[in-house]
>>> print(open('target04.tsv').read())   # TSV, C-alpha atoms and all ligand atoms
chain	number	residue	atom	x	y	z
A	1	MET	CA	28.36	-13.81	-14.16
A	2	SER	CA	24.79	-12.92	-15.23
A	3	THR	CA	23.58	-9.33	-15.08
A	4	PRO	CA	20.53	-8.49	-12.91
A	5	THR	CA	18.42	-8.23	-16.11
A	6	GLU	CA	19.53	-11.68	-17.25
A	7	LEU	CA	18.75	-13.08	-13.82
A	8	GLU	CA	15.31	-11.46	-13.92
A	9	ALA	CA	14.61	-13.24	-17.20
A	10	LEU	CA	15.13	-16.54	-15.34
A	11	GLU	CA	12.58	-15.58	-12.66
A	12	PRO	CA	9.34	-17.50	-13.25
A	13	ASN	CA	7.09	-15.26	-11.12
A	14	ARG	CA	5.76	-11.86	-12.06
A	15	PHE	CA	3.44	-9.28	-10.54
A	16	ASP	CA	2.23	-6.92	-13.29
A	17	VAL	CA	1.33	-3.38	-12.30
A	18	ASP	CA	-0.36	-0.83	-14.56
A	19	LEU	CA	1.20	2.56	-13.86
A	20	GLY	CA	-1.16	4.08	-16.44
A	21	ALA	CA	-3.99	3.27	-14.03
A	22	VAL	CA	-2.05	4.96	-11.19
A	23	ARG	CA	-1.61	8.14	-13.29
A	24	GLY	CA	-5.28	8.08	-14.28
A	25	ASN	CA	-6.27	7.75	-10.63
A	26	VAL	CA	-4.38	10.97	-9.83
A	27	ALA	CA	-6.54	12.73	-12.44
A	28	ALA	CA	-9.72	11.16	-11.00
A	29	LEU	CA	-8.74	12.30	-7.52
A	30	ARG	CA	-8.01	15.82	-8.78
A	31	GLU	CA	-11.52	15.90	-10.18
A	32	LEU	CA	-12.87	14.77	-6.84
A	33	VAL	CA	-11.12	17.29	-4.59
A	34	GLY	CA	-10.68	20.24	-6.95
A	35	PRO	CA	-7.61	22.09	-8.20
A	36	ASP	CA	-6.75	23.92	-4.96
A	37	CYS	CA	-6.41	20.85	-2.74
A	38	ALA	CA	-2.89	19.41	-2.45
A	39	LEU	CA	-2.56	15.69	-3.23
A	40	TYR	CA	-0.33	13.72	-0.88
A	41	ALA	CA	-0.06	9.96	-1.48
A	42	ALA	CA	0.30	7.58	1.46
A	43	LEU	CA	2.74	4.99	0.11
A	44	LYS	CA	3.01	2.72	3.10
A	45	CYS	CA	4.08	-0.89	2.77
A	46	ASN	CA	6.02	-0.65	-0.51
A	47	ALA	CA	3.20	1.51	-1.93
A	48	TYR	CA	0.57	-1.02	-0.88
A	49	GLY	CA	2.57	-3.74	-2.62
A	50	PHE	CA	2.71	-1.97	-5.99
A	51	GLY	CA	6.38	-0.92	-5.74
A	52	LEU	CA	7.42	2.25	-3.92
A	53	VAL	CA	9.78	4.01	-6.34
A	54	PRO	CA	7.98	3.26	-9.65
A	55	ALA	CA	4.63	4.17	-8.06
A	56	ALA	CA	6.02	7.45	-6.70
A	57	GLN	CA	7.58	8.27	-10.08
A	58	ALA	CA	4.27	7.65	-11.86
A	59	LEU	CA	2.40	9.75	-9.30
A	60	ALA	CA	4.94	12.57	-9.69
A	61	GLU	CA	4.54	12.49	-13.48
A	62	ALA	CA	0.78	12.80	-13.03
A	63	GLY	CA	1.14	15.94	-10.92
A	64	LEU	CA	1.05	14.70	-7.33
A	65	ASP	CA	2.23	17.22	-4.71
A	66	ALA	CA	3.92	15.02	-2.08
A	67	VAL	CA	4.30	11.45	-0.87
A	68	CYS	CA	4.11	10.05	2.64
A	69	VAL	CA	5.91	6.98	3.99
A	70	ALA	CA	6.08	5.39	7.39
A	71	ARG	CA	9.72	4.26	7.43
A	72	ILE	CA	12.87	6.30	7.15
A	73	ARG	CA	14.34	3.66	4.83
A	74	ASP	CA	11.42	4.26	2.42
A	75	GLY	CA	12.16	7.99	2.43
A	76	ILE	CA	15.80	7.26	1.60
A	77	ALA	CA	14.80	4.75	-1.12
A	78	LEU	CA	12.63	7.42	-2.74
A	79	ARG	CA	15.51	9.89	-2.87
A	80	GLU	CA	17.96	7.27	-4.09
A	81	GLY	CA	15.39	6.31	-6.75
A	82	GLY	CA	15.36	9.91	-7.99
A	83	VAL	CA	11.99	10.98	-6.55
A	84	MET	CA	12.21	14.71	-5.83
A	85	LEU	CA	8.71	15.33	-4.43
A	86	PRO	CA	8.38	16.43	-0.80
A	87	VAL	CA	8.36	13.31	1.42
A	88	LEU	CA	6.36	13.38	4.65
A	89	LEU	CA	7.51	10.82	7.21
A	90	TYR	CA	4.52	9.52	9.15
A	91	ALA	CA	6.95	8.79	12.02
A	92	GLY	CA	8.56	5.41	11.88
A	93	ALA	CA	11.77	5.87	13.85
A	94	VAL	CA	12.80	7.01	17.30
A	95	THR	CA	14.18	10.56	17.16
A	96	THR	CA	17.95	10.60	17.65
A	97	PRO	CA	20.69	12.92	16.34
A	98	GLU	CA	21.39	10.26	13.66
A	99	LEU	CA	17.76	10.37	12.52
A	100	VAL	CA	17.89	14.16	12.33
A	101	ALA	CA	21.04	13.96	10.19
A	102	ALA	CA	19.36	11.47	7.83
A	103	VAL	CA	16.21	13.60	7.60
A	104	GLU	CA	18.32	16.62	6.66
A	105	ARG	CA	20.55	14.77	4.27
A	106	TYR	CA	17.63	13.26	2.34
A	107	ARG	CA	15.41	16.35	2.67
A	108	LEU	CA	12.52	14.54	4.38
A	109	THR	CA	9.71	16.17	6.35
A	110	PRO	CA	9.28	14.58	9.78
A	111	THR	CA	6.18	14.28	11.92
A	112	ILE	CA	6.73	15.66	15.42
A	113	LEU	CA	4.84	13.84	18.16
A	114	ASP	CA	6.35	15.09	21.42
A	115	LEU	CA	8.46	17.89	22.84
A	116	ALA	CA	11.48	15.70	23.53
A	117	SER	CA	11.68	14.76	19.83
A	118	ALA	CA	11.12	18.35	18.80
A	119	ARG	CA	14.09	19.36	20.96
A	120	VAL	CA	16.34	16.69	19.43
A	121	PHE	CA	15.45	18.08	15.99
A	122	SER	CA	15.90	21.69	17.04
A	123	ASP	CA	19.27	21.02	18.73
A	124	ASN	CA	20.74	19.01	15.85
A	125	LEU	CA	19.47	20.68	12.67
A	126	THR	CA	21.88	22.80	10.70
A	127	GLU	CA	19.12	24.68	8.83
A	128	GLU	CA	15.42	25.44	9.24
A	129	LEU	CA	13.23	22.40	8.57
A	130	PRO	CA	9.53	22.21	7.72
A	131	VAL	CA	7.78	19.72	10.04
A	132	PHE	CA	4.27	18.30	10.43
A	133	VAL	CA	2.38	17.66	13.64
A	134	LYS	CA	-0.11	14.82	13.90
A	135	VAL	CA	-3.14	14.95	16.18
A	136	ASP	CA	-5.01	11.83	17.27
A	137	VAL	CA	-8.75	12.50	17.00
A	138	GLY	CA	-9.89	8.88	17.02
A	139	GLN	CA	-7.28	6.24	16.16
A	140	ARG	CA	-5.62	6.13	19.58
A	141	ARG	CA	-2.43	5.51	17.66
A	142	LEU	CA	0.23	8.06	16.72
A	143	GLY	CA	-0.49	11.71	17.39
A	144	VAL	CA	-0.74	14.44	20.00
A	145	GLU	CA	-3.83	14.38	22.25
A	146	PRO	CA	-6.35	16.94	20.93
A	147	ARG	CA	-6.61	19.08	24.06
A	148	ARG	CA	-2.83	19.47	24.17
A	149	LEU	CA	-2.36	20.28	20.48
A	150	ALA	CA	-2.47	24.09	20.60
A	151	THR	CA	0.10	24.51	23.39
A	152	PHE	CA	2.22	21.74	21.85
A	153	ALA	CA	2.18	23.43	18.43
A	154	ALA	CA	3.06	26.78	19.99
A	155	ALA	CA	6.04	25.23	21.81
A	156	VAL	CA	7.29	23.54	18.64
A	157	ALA	CA	6.87	26.69	16.57
A	158	ALA	CA	8.92	28.62	19.15
A	159	MET	CA	11.89	26.26	18.85
A	160	PRO	CA	14.82	27.37	16.70
A	161	LYS	CA	14.97	25.83	13.20
A	162	LEU	CA	11.49	24.23	13.31
A	163	ARG	CA	8.72	25.55	11.08
A	164	ILE	CA	5.30	23.92	11.26
A	165	GLU	CA	4.21	23.30	7.69
A	166	GLY	CA	1.16	21.21	8.39
A	167	ILE	CA	-1.12	19.51	10.89
A	168	TYR	CA	-2.82	16.25	10.00
A	169	THR	CA	-4.84	13.42	11.44
A	170	HIS	CA	-5.97	9.96	10.33
A	171	LEU	CA	-9.67	9.33	10.96
A	172	THR	CA	-10.94	5.89	11.92
A	173	VAL	CA	-13.41	4.46	9.41
A	174	PRO	CA	-15.09	1.19	10.37
A	175	GLU	CA	-16.20	-1.29	7.73
A	176	ASP	CA	-19.54	-0.56	6.08
A	177	PRO	CA	-22.02	0.37	7.33
A	178	VAL	CA	-20.31	3.37	8.93
A	179	PRO	CA	-22.41	4.54	11.92
A	180	ALA	CA	-24.05	7.96	11.49
A	181	GLY	CA	-21.85	10.79	12.72
A	182	HIS	CA	-18.74	8.59	13.09
A	183	LEU	CA	-16.57	10.59	10.69
A	184	GLU	CA	-18.19	13.93	11.48
A	185	LYS	CA	-17.38	13.66	15.21
A	186	GLN	CA	-13.69	13.14	14.56
A	187	PHE	CA	-13.57	15.76	11.83
A	188	SER	CA	-15.22	18.42	14.04
A	189	LEU	CA	-12.68	17.69	16.75
A	190	PHE	CA	-9.87	18.14	14.21
A	191	GLN	CA	-11.31	21.46	13.05
A	192	ALA	CA	-11.69	22.66	16.62
A	193	CYS	CA	-8.03	21.76	17.25
A	194	LEU	CA	-6.93	23.71	14.16
A	195	GLN	CA	-8.94	26.71	15.27
A	196	GLU	CA	-7.31	26.71	18.71
A	197	VAL	CA	-3.89	26.65	17.04
A	198	GLU	CA	-4.84	29.62	14.86
A	199	GLU	CA	-6.20	31.51	17.85
A	200	LEU	CA	-2.67	31.38	19.25
A	201	GLY	CA	-1.55	33.26	16.15
A	202	LEU	CA	0.08	30.31	14.39
A	203	SER	CA	-0.54	29.68	10.71
A	204	VAL	CA	-1.00	26.12	9.48
A	205	PRO	CA	-0.35	26.03	5.73
A	206	VAL	CA	-1.32	22.35	5.22
A	207	ARG	CA	-4.41	20.79	6.89
A	208	MET	CA	-5.06	17.17	6.10
A	209	ALA	CA	-7.51	14.53	7.33
A	210	ALA	CA	-8.84	12.55	4.36
A	211	SER	CA	-7.68	9.01	3.52
A	212	SER	CA	-9.33	6.87	0.81
A	213	SER	CA	-12.24	5.76	2.95
A	214	VAL	CA	-12.99	9.32	4.06
A	215	LEU	CA	-12.91	10.57	0.45
A	216	ARG	CA	-15.25	7.88	-0.80
A	217	LEU	CA	-17.78	8.58	1.96
A	218	SER	CA	-17.71	12.35	2.36
A	219	ASP	CA	-16.99	15.32	0.10
A	220	ARG	CA	-16.68	17.77	3.00
A	221	MET	CA	-13.43	16.69	4.64
A	222	SER	CA	-10.79	17.47	2.02
A	223	LEU	CA	-9.64	20.78	3.62
A	224	ASN	CA	-6.63	22.01	1.61
A	225	ALA	CA	-4.77	18.66	1.36
A	226	VAL	CA	-5.65	14.94	1.32
A	227	ASP	CA	-3.48	11.85	1.86
A	228	PRO	CA	-5.20	8.74	0.51
A	229	GLY	CA	-3.12	5.64	-0.24
A	230	ARG	CA	-5.06	2.71	-1.66
A	231	MET	CA	-7.20	4.97	-3.83
A	232	PHE	CA	-4.22	5.68	-6.10
A	233	PHE	CA	-4.06	1.97	-6.88
A	234	GLY	CA	-7.79	1.69	-7.54
A	235	VAL	CA	-8.39	-0.86	-4.82
A	236	VAL	CA	-10.99	1.00	-2.76
A	237	PRO	CA	-14.64	0.02	-3.04
A	238	ASP	CA	-17.04	2.53	-4.56
A	239	GLY	CA	-18.67	4.89	-2.10
A	240	PRO	CA	-21.46	7.44	-2.35
A	241	VAL	CA	-18.96	10.12	-3.37
A	242	THR	CA	-16.65	8.17	-5.69
A	243	ARG	CA	-19.24	6.04	-7.49
A	244	GLY	CA	-18.93	6.58	-11.23
A	245	LEU	CA	-15.49	8.22	-11.03
A	246	PRO	CA	-12.91	6.50	-13.25
A	247	PHE	CA	-10.64	4.96	-10.58
A	248	ARG	CA	-8.94	1.88	-12.10
A	249	SER	CA	-7.17	-1.05	-10.45
A	250	ALA	CA	-3.41	-1.05	-10.98
A	251	LEU	CA	-3.26	-4.80	-10.25
A	252	VAL	CA	-3.06	-6.49	-13.64
A	253	SER	CA	-1.91	-10.01	-12.84
A	254	LEU	CA	0.14	-12.40	-10.76
A	255	ARG	CA	1.78	-15.04	-12.96
A	256	SER	CA	4.16	-17.95	-12.60
A	257	ARG	CA	5.36	-20.93	-14.67
A	258	LEU	CA	5.16	-24.69	-14.32
A	259	LEU	CA	8.53	-25.93	-13.08
A	260	GLN	CA	7.70	-29.59	-13.42
A	261	VAL	CA	4.78	-31.63	-14.73
A	262	LYS	CA	4.41	-35.29	-13.82
A	263	GLU	CA	1.97	-38.13	-13.72
A	264	LEU	CA	1.88	-39.67	-10.26
A	265	ASP	CA	2.55	-43.38	-9.92
A	266	ASP	CA	0.33	-45.28	-7.56
A	267	ASP	CA	2.80	-46.90	-5.18
A	268	GLU	CA	3.79	-47.26	-1.54
A	269	ARG	CA	4.25	-43.47	-1.17
A	270	ARG	CA	0.49	-42.83	-1.34
A	271	PRO	CA	-0.14	-43.10	2.46
A	272	VAL	CA	2.70	-40.66	3.28
A	273	ALA	CA	1.72	-37.96	0.76
A	274	LEU	CA	0.87	-34.63	2.35
A	275	VAL	CA	-1.85	-34.01	-0.18
A	276	PRO	CA	-4.69	-36.11	-1.54
A	277	VAL	CA	-3.39	-37.78	-4.70
A	278	THR	CA	-5.10	-40.21	-6.97
A	279	PRO	CA	-3.29	-42.68	-9.22
A	280	GLY	CA	-2.65	-41.27	-12.67
A	281	MET	CA	-3.17	-37.71	-11.45
A	282	ARG	CA	-1.15	-35.10	-13.41
A	283	VAL	CA	0.47	-32.61	-11.09
A	284	GLY	CA	2.26	-29.36	-11.90
A	285	ILE	CA	4.61	-27.58	-9.51
A	286	LEU	CA	4.94	-23.78	-9.41
A	287	ALA	CA	7.67	-21.63	-7.87
A	288	LEU	CA	5.16	-19.67	-5.79
A	289	GLY	CA	4.29	-20.40	-2.17
A	290	THR	CA	3.07	-18.94	1.08
A	291	ALA	CA	6.28	-16.86	1.32
A	292	ASP	CA	5.06	-15.07	-1.82
A	293	GLY	CA	1.60	-14.55	-0.31
A	294	LEU	CA	-0.04	-17.38	-2.23
A	295	GLY	CA	-2.10	-18.69	0.69
A	296	VAL	CA	-3.90	-15.33	0.74
A	297	VAL	CA	-4.01	-14.22	-2.86
A	298	SER	CA	-5.23	-17.31	-4.68
A	299	ALA	CA	-8.63	-18.48	-5.88
A	300	PRO	CA	-9.37	-22.26	-5.73
A	301	HIS	CA	-7.60	-22.70	-9.07
A	302	VAL	CA	-5.02	-21.14	-11.38
A	303	LEU	CA	-5.18	-20.92	-15.18
A	304	VAL	CA	-2.95	-23.02	-17.43
A	305	ARG	CA	-3.44	-22.97	-21.21
A	306	GLY	CA	-6.61	-20.96	-20.62
A	307	ARG	CA	-8.17	-23.65	-18.42
A	308	PRO	CA	-8.64	-23.95	-14.64
A	309	ALA	CA	-6.15	-26.12	-12.72
A	310	PRO	CA	-7.21	-26.65	-9.06
A	311	ILE	CA	-4.63	-25.69	-6.42
A	312	ILE	CA	-3.83	-28.68	-4.21
A	313	GLU	CA	-3.60	-27.34	-0.65
A	314	PRO	CA	-1.62	-27.07	1.56
A	315	ILE	CA	0.67	-24.64	-0.21
A	316	SER	CA	4.37	-24.93	0.71
A	317	LEU	CA	6.71	-22.07	1.57
A	318	GLU	CA	8.08	-21.55	-1.95
A	319	HIS	CA	6.18	-24.06	-4.06
A	320	CYS	CA	2.66	-25.14	-4.79
A	321	ARG	CA	1.03	-28.09	-6.55
A	322	VAL	CA	-1.77	-27.79	-9.07
A	323	ASP	CA	-3.93	-30.56	-10.52
A	324	LEU	CA	-3.38	-30.74	-14.28
A	325	SER	CA	-5.49	-33.87	-14.83
A	326	GLY	CA	-7.95	-31.81	-16.91
A	327	ILE	CA	-5.18	-30.23	-19.00
A	328	PRO	CA	-3.31	-33.17	-20.59
A	329	ASP	CA	-1.28	-30.91	-22.92
A	330	ALA	CA	0.18	-28.80	-20.06
A	331	ALA	CA	4.00	-28.88	-20.02
A	332	ALA	CA	6.87	-27.60	-17.90
A	333	GLY	CA	7.53	-23.94	-18.71
A	334	ASP	CA	3.85	-23.12	-19.36
A	335	GLU	CA	2.59	-19.82	-18.00
A	336	VAL	CA	0.34	-20.02	-14.93
A	337	VAL	CA	-2.06	-17.21	-14.03
A	338	VAL	CA	-2.95	-16.82	-10.34
A	339	ILE	CA	-4.77	-13.49	-10.76
A	340	GLY	CA	-5.50	-12.08	-14.21
A	341	LYS	CA	-6.52	-13.11	-17.71
A	342	GLN	CA	-5.38	-16.03	-19.81
A	343	GLY	CA	-7.12	-16.84	-23.08
A	344	ASP	CA	-10.83	-16.27	-22.61
A	345	ASP	CA	-10.74	-17.03	-18.89
A	346	GLU	CA	-9.95	-14.73	-15.97
A	347	ILE	CA	-9.35	-15.00	-12.22
A	348	THR	CA	-10.45	-11.74	-10.62
A	349	ILE	CA	-9.68	-10.21	-7.25
A	350	ASP	CA	-13.29	-10.93	-6.32
A	351	ASP	CA	-12.70	-14.66	-6.98
A	352	VAL	CA	-9.80	-14.50	-4.50
A	353	VAL	CA	-11.82	-12.54	-1.95
A	354	VAL	CA	-14.72	-15.00	-2.07
A	355	HIS	CA	-12.48	-18.07	-1.85
A	356	ARG	CA	-10.28	-16.76	0.97
A	357	GLY	CA	-13.12	-15.07	2.89
A	358	LEU	CA	-11.10	-11.84	3.04
A	359	LYS	CA	-12.80	-8.92	4.72
A	360	ALA	CA	-10.99	-5.84	5.97
A	361	ASP	CA	-7.84	-6.55	4.01
A	362	LYS	CA	-9.56	-7.46	0.77
A	363	HIS	CA	-8.53	-4.16	-0.74
A	364	ASN	CA	-4.93	-4.72	0.28
A	365	ILE	CA	-4.46	-7.86	-1.79
A	366	ALA	CA	-1.34	-6.51	-3.48
A	367	ILE	CA	0.33	-6.04	-0.06
A	368	ASN	CA	0.16	-9.79	0.35
A	369	ILE	CA	2.01	-10.43	-2.90
A	370	ARG	CA	5.36	-10.47	-1.21
A	371	ASP	CA	8.40	-8.64	-2.44
A	372	SER	CA	9.97	-11.96	-3.38
A	373	VAL	CA	7.84	-11.70	-6.55
A	374	PRO	CA	9.40	-9.14	-8.94
A	375	ARG	CA	7.10	-6.30	-9.97
A	376	LYS	CA	6.85	-5.50	-13.66
A	377	HIS	CA	5.56	-2.00	-14.30
A	378	SER	CA	3.94	-0.97	-17.55
A	379	GLY	CA	1.79	1.84	-18.90
A	401	LIG	C1	-1.73	8.79	8.49
A	401	LIG	C2	-2.29	8.05	7.30
A	401	LIG	N1	-2.85	8.74	6.31
A	401	LIG	C3	-3.37	8.12	5.23
A	401	LIG	C4	-3.36	6.75	5.11
A	401	LIG	C5	-3.96	6.15	3.87
A	401	LIG	O1	-5.02	5.28	4.10
A	401	LIG	P1	-5.80	4.66	2.84
A	401	LIG	O2	-4.87	3.74	2.14
A	401	LIG	O3	-6.93	3.96	3.44
A	401	LIG	O4	-6.19	5.78	1.96
A	401	LIG	C6	-2.78	5.98	6.12
A	401	LIG	C7	-2.75	4.52	6.01
A	401	LIG	O5	-2.56	3.76	6.89
A	401	LIG	C8	-2.23	6.65	7.26
A	401	LIG	O6	-1.66	5.97	8.26
>>> encode(input="target04.tsv", output="structure tokens", more="lines below")
Ligand SMILES: Cc1ncc(COP(=O)(O)O)c(C=O)c1O
Amino acid sequence: MSTPTELEALEPNRFDVDLGAVRGNVAALRELVGPDCALYAALKCNAYGFGLVPAAQALAEAGLDAVCVARIRDGIALREGGVMLPVLLYAGAVTTPELVAAVERYRLTPTILDLASARVFSDNLTEELPVFVKVDVGQRRLGVEPRRLATFAAAVAAMPKLRIEGIYTHLTVPEDPVPAGHLEKQFSLFQACLQEVEELGLSVPVRMAASSSVLRLSDRMSLNAVDPGRMFFGVVPDGPVTRGLPFRSALVSLRSRLLQVKELDDDERRPVALVPVTPGMRVGILALGTADGLGVVSAPHVLVRGRPAPIIEPISLEHCRVDLSGIPDAAAGDEVVVIGKQGDDEITIDDVVVHRGLKADKHNIAINIRDSVPRKHSG
């Protein structure tokens, strides 16, 4: 029986992540928000595709204050992976006594969204628990309605075993150009909400509203804590505030290998082929397909032996064909680069974006590299 490490060596696909870039981005963010602002990292979606536990460990080493995840299973994975930082749950499970027990057992910090959930926590906790409250100032997604926040917070704070540690929101940020006043309107509403809470005599130690897009556009919304996500992986476009700061992309490369190389015979199969083939064409097959995100994260070609090999679409679920006619020396086992450098040539994220016409999700490319492709972390 092979060990997991031996099996990994057989795996032809690889997504390389530079954790050095992630650590450096913590330092760049510190510079941006100053030493007194707490850094929370939103690590949704397997840390935006970069690998939850290794990313959180690198962030912790670089001095991050807390991480945030949407799913309870991610909170548990962080603890089981040895991550000791505070973990804020953005609310990803219905509140039941079982959830409360898991939150306590794994020392997670839940977000409270309604009184019924607050009561389930209060009734089932064995010890006092710090909790966060989320207010919805624009998203119309999770969060308490602004005009109800103060009375809601007061009711939660009065419940046994619940201690409000923070109040946060997630501002909407449309694609560029952002209309004048768009962020400011939501931010003023958030500040007014916080003030009302304070006027009831409640203290709110952590106040948080700034995601990556907010931080790149405004330097006045950091309050005393921020919770960007993508920024830690260097996949946010420059903005007026962040331009010139040394944020670096943690996405190094997506690589595979040629499983088979063959010259196609011209015979009776030509009319039934799913793809356009020409007699004598040299085709290579890779072990990467749409199930690995390839239909989203590829340029028109891959690199083999430092030269471009066009992808022959459509891409199958777990395989893909490339045209090796221009690379006669290509052989089974050769490395294939989908994103990254090979020899003097390179396929960049921008090449992928242009080819696939990606817009809003262009800075989430790594999310699309599915978890079927093993992550290799370095740096
Ligand atoms: C509540 C909350 N805060 C912060 C973020 C981080 O956003 P970004 O990756 O754009 O920084 C998210 C992401 O969805 C979020 O839901």
>>> closest_atom_pairs(input="target04.tsv", of="chain A", to="ligand LIG 401 (chain A)", cutoff="10 Å", atoms="all atoms listed in the file", output="Markdown table")
| residue | atom | partner | partner_atom | distance |
| --- | --- | --- | --- | --- |
| A:Tyr40 | CA | A:LIG401 | C3 | 8.8 |
| A:Ala41 | CA | A:LIG401 | C5 | 7.6 |
| A:Ala42 | CA | A:LIG401 | C5 | 5.1 |
| A:Leu43 | CA | A:LIG401 | C5 | 7.8 |
| A:Lys44 | CA | A:LIG401 | C7 | 6.7 |
| A:Cys45 | CA | A:LIG401 | O5 | 9.1 |
| A:Ala47 | CA | A:LIG401 | O2 | 9.3 |
| A:Tyr48 | CA | A:LIG401 | O2 | 7.8 |
| A:Cys68 | CA | A:LIG401 | N1 | 8.0 |
| A:Val69 | CA | A:LIG401 | O6 | 8.7 |
| A:Ala70 | CA | A:LIG401 | O6 | 7.8 |
| A:Leu89 | CA | A:LIG401 | C1 | 9.5 |
| A:Tyr90 | CA | A:LIG401 | C1 | 6.3 |
| A:Ala91 | CA | A:LIG401 | C1 | 9.4 |
| A:Lys134 | CA | A:LIG401 | C1 | 8.3 |
| A:Val135 | CA | A:LIG401 | C1 | 10.0 |
| A:Asp136 | CA | A:LIG401 | C1 | 9.9 |
| A:Gln139 | CA | A:LIG401 | O6 | 9.7 |
| A:Arg141 | CA | A:LIG401 | O6 | 9.4 |
| A:Leu142 | CA | A:LIG401 | C1 | 8.5 |
| A:Gly143 | CA | A:LIG401 | C1 | 9.4 |
| A:Tyr168 | CA | A:LIG401 | C1 | 7.7 |
| A:Thr169 | CA | A:LIG401 | C1 | 6.3 |
| A:His170 | CA | A:LIG401 | C1 | 4.8 |
| A:Leu171 | CA | A:LIG401 | N1 | 8.3 |
| A:Thr172 | CA | A:LIG401 | O3 | 9.6 |
| A:Val173 | CA | A:LIG401 | O3 | 8.8 |
| A:Met208 | CA | A:LIG401 | N1 | 8.7 |
| A:Ala209 | CA | A:LIG401 | N1 | 7.5 |
| A:Ala210 | CA | A:LIG401 | C3 | 7.1 |
| A:Ser211 | CA | A:LIG401 | O4 | 3.9 |
| A:Ser212 | CA | A:LIG401 | O4 | 3.5 |
| A:Ser213 | CA | A:LIG401 | O3 | 5.6 |
| A:Val214 | CA | A:LIG401 | O4 | 7.9 |
| A:Leu215 | CA | A:LIG401 | O4 | 8.4 |
| A:Arg216 | CA | A:LIG401 | O4 | 9.7 |
| A:Val226 | CA | A:LIG401 | C3 | 8.2 |
| A:Asp227 | CA | A:LIG401 | C3 | 5.0 |
| A:Pro228 | CA | A:LIG401 | O4 | 3.4 |
| A:Gly229 | CA | A:LIG401 | O2 | 3.5 |
| A:Arg230 | CA | A:LIG401 | O2 | 3.9 |
| A:Met231 | CA | A:LIG401 | O4 | 5.9 |
| A:Phe232 | CA | A:LIG401 | O4 | 8.3 |
| A:Phe233 | CA | A:LIG401 | O2 | 9.2 |
| A:Val235 | CA | A:LIG401 | O2 | 9.1 |
| A:Val236 | CA | A:LIG401 | O3 | 8.0 |
| A:His363 | CA | A:LIG401 | O2 | 9.2 |
| A:Asn364 | CA | A:LIG401 | O2 | 8.7 |
>>> residues_around(input="target04.tsv", residues="A:Ala155", least_positions_apart="3", cutoff="12 Å", atoms="all atoms listed in the file", output="MDAnalysis selection string")
chainID A and resid 112 114:116 118:119 122 133 148:152 158:160 162:164 197 200 202
>>> closest_residue(input="target04.tsv", among="A:Asn13, A:Thr109, A:Thr348, A:Thr3", to="A:Leu259", atoms="only C-alpha atoms")
A:Asn13
>>> residues_around(input="target04.tsv", residues="A:Leu78", least_positions_apart="6", cutoff="12 Å", atoms="only C-alpha atoms", output="list of chain:residue names")
A:Leu43, A:Asn46, A:Ala47, A:Gly51, A:Leu52, A:Val53, A:Pro54, A:Ala55, A:Ala56, A:Gln57, A:Ala60, A:Ala66, A:Val67, A:Cys68, A:Val69, A:Arg71, A:Ile72, A:Met84, A:Leu85, A:Pro86, A:Val87, A:Leu88, A:Leu89, A:Tyr106, A:Arg107, A:Leu108
>>> write_last_selection(input="target04.tsv", atoms="C-alpha atoms", output="mmCIF file, in the coordinates of the input")
data_model
loop_
_atom_site.group_PDB
_atom_site.id
_atom_site.type_symbol
_atom_site.label_atom_id
_atom_site.label_comp_id
_atom_site.auth_asym_id
_atom_site.auth_seq_id
_atom_site.Cartn_x
_atom_site.Cartn_y
_atom_site.Cartn_z
ATOM 1 C CA LEU A 43 2.740 4.990 0.110
ATOM 2 C CA ASN A 46 6.020 -0.650 -0.510
ATOM 3 C CA ALA A 47 3.200 1.510 -1.930
ATOM 4 C CA GLY A 51 6.380 -0.920 -5.740
ATOM 5 C CA LEU A 52 7.420 2.250 -3.920
ATOM 6 C CA VAL A 53 9.780 4.010 -6.340
ATOM 7 C CA PRO A 54 7.980 3.260 -9.650
ATOM 8 C CA ALA A 55 4.630 4.170 -8.060
ATOM 9 C CA ALA A 56 6.020 7.450 -6.700
ATOM 10 C CA GLN A 57 7.580 8.270 -10.080
ATOM 11 C CA ALA A 60 4.940 12.570 -9.690
ATOM 12 C CA ALA A 66 3.920 15.020 -2.080
ATOM 13 C CA VAL A 67 4.300 11.450 -0.870
ATOM 14 C CA CYS A 68 4.110 10.050 2.640
ATOM 15 C CA VAL A 69 5.910 6.980 3.990
ATOM 16 C CA ARG A 71 9.720 4.260 7.430
ATOM 17 C CA ILE A 72 12.870 6.300 7.150
ATOM 18 C CA MET A 84 12.210 14.710 -5.830
ATOM 19 C CA LEU A 85 8.710 15.330 -4.430
ATOM 20 C CA PRO A 86 8.380 16.430 -0.800
ATOM 21 C CA VAL A 87 8.360 13.310 1.420
ATOM 22 C CA LEU A 88 6.360 13.380 4.650
ATOM 23 C CA LEU A 89 7.510 10.820 7.210
ATOM 24 C CA TYR A 106 17.630 13.260 2.340
ATOM 25 C CA ARG A 107 15.410 16.350 2.670
ATOM 26 C CA LEU A 108 12.520 14.540 4.380
#
>>> atom_distance(input="target04.tsv", atom1="atom CA of A:Arg30", atom2="atom CA of A:Asp18")
19.2 Å
>>> residues_near_point(input="target04.tsv", point="(-11.2, 17.6, 16.0)", cutoff="10 Å", atoms="only C-alpha atoms", output="NGL selection string")
:A and (135-138 or 146-147 or 169 or 171 or 184-195 or 209)
>>> atom_distance(input="target04.tsv", atom1="atom CA of A:Ala21", atom2="atom CA of A:Ala9")
25.1 Å
>>> atom_distance(input="target04.tsv", atom1="atom CA of A:Gly81", atom2="atom CA of A:Ala58")
12.3 Å
>>> closest_residue(input="target04.tsv", among="A:Ala225, A:Leu217, A:Gly340, A:Arg307", to="A:Leu183", atoms="all atoms listed in the file")
A:Leu217
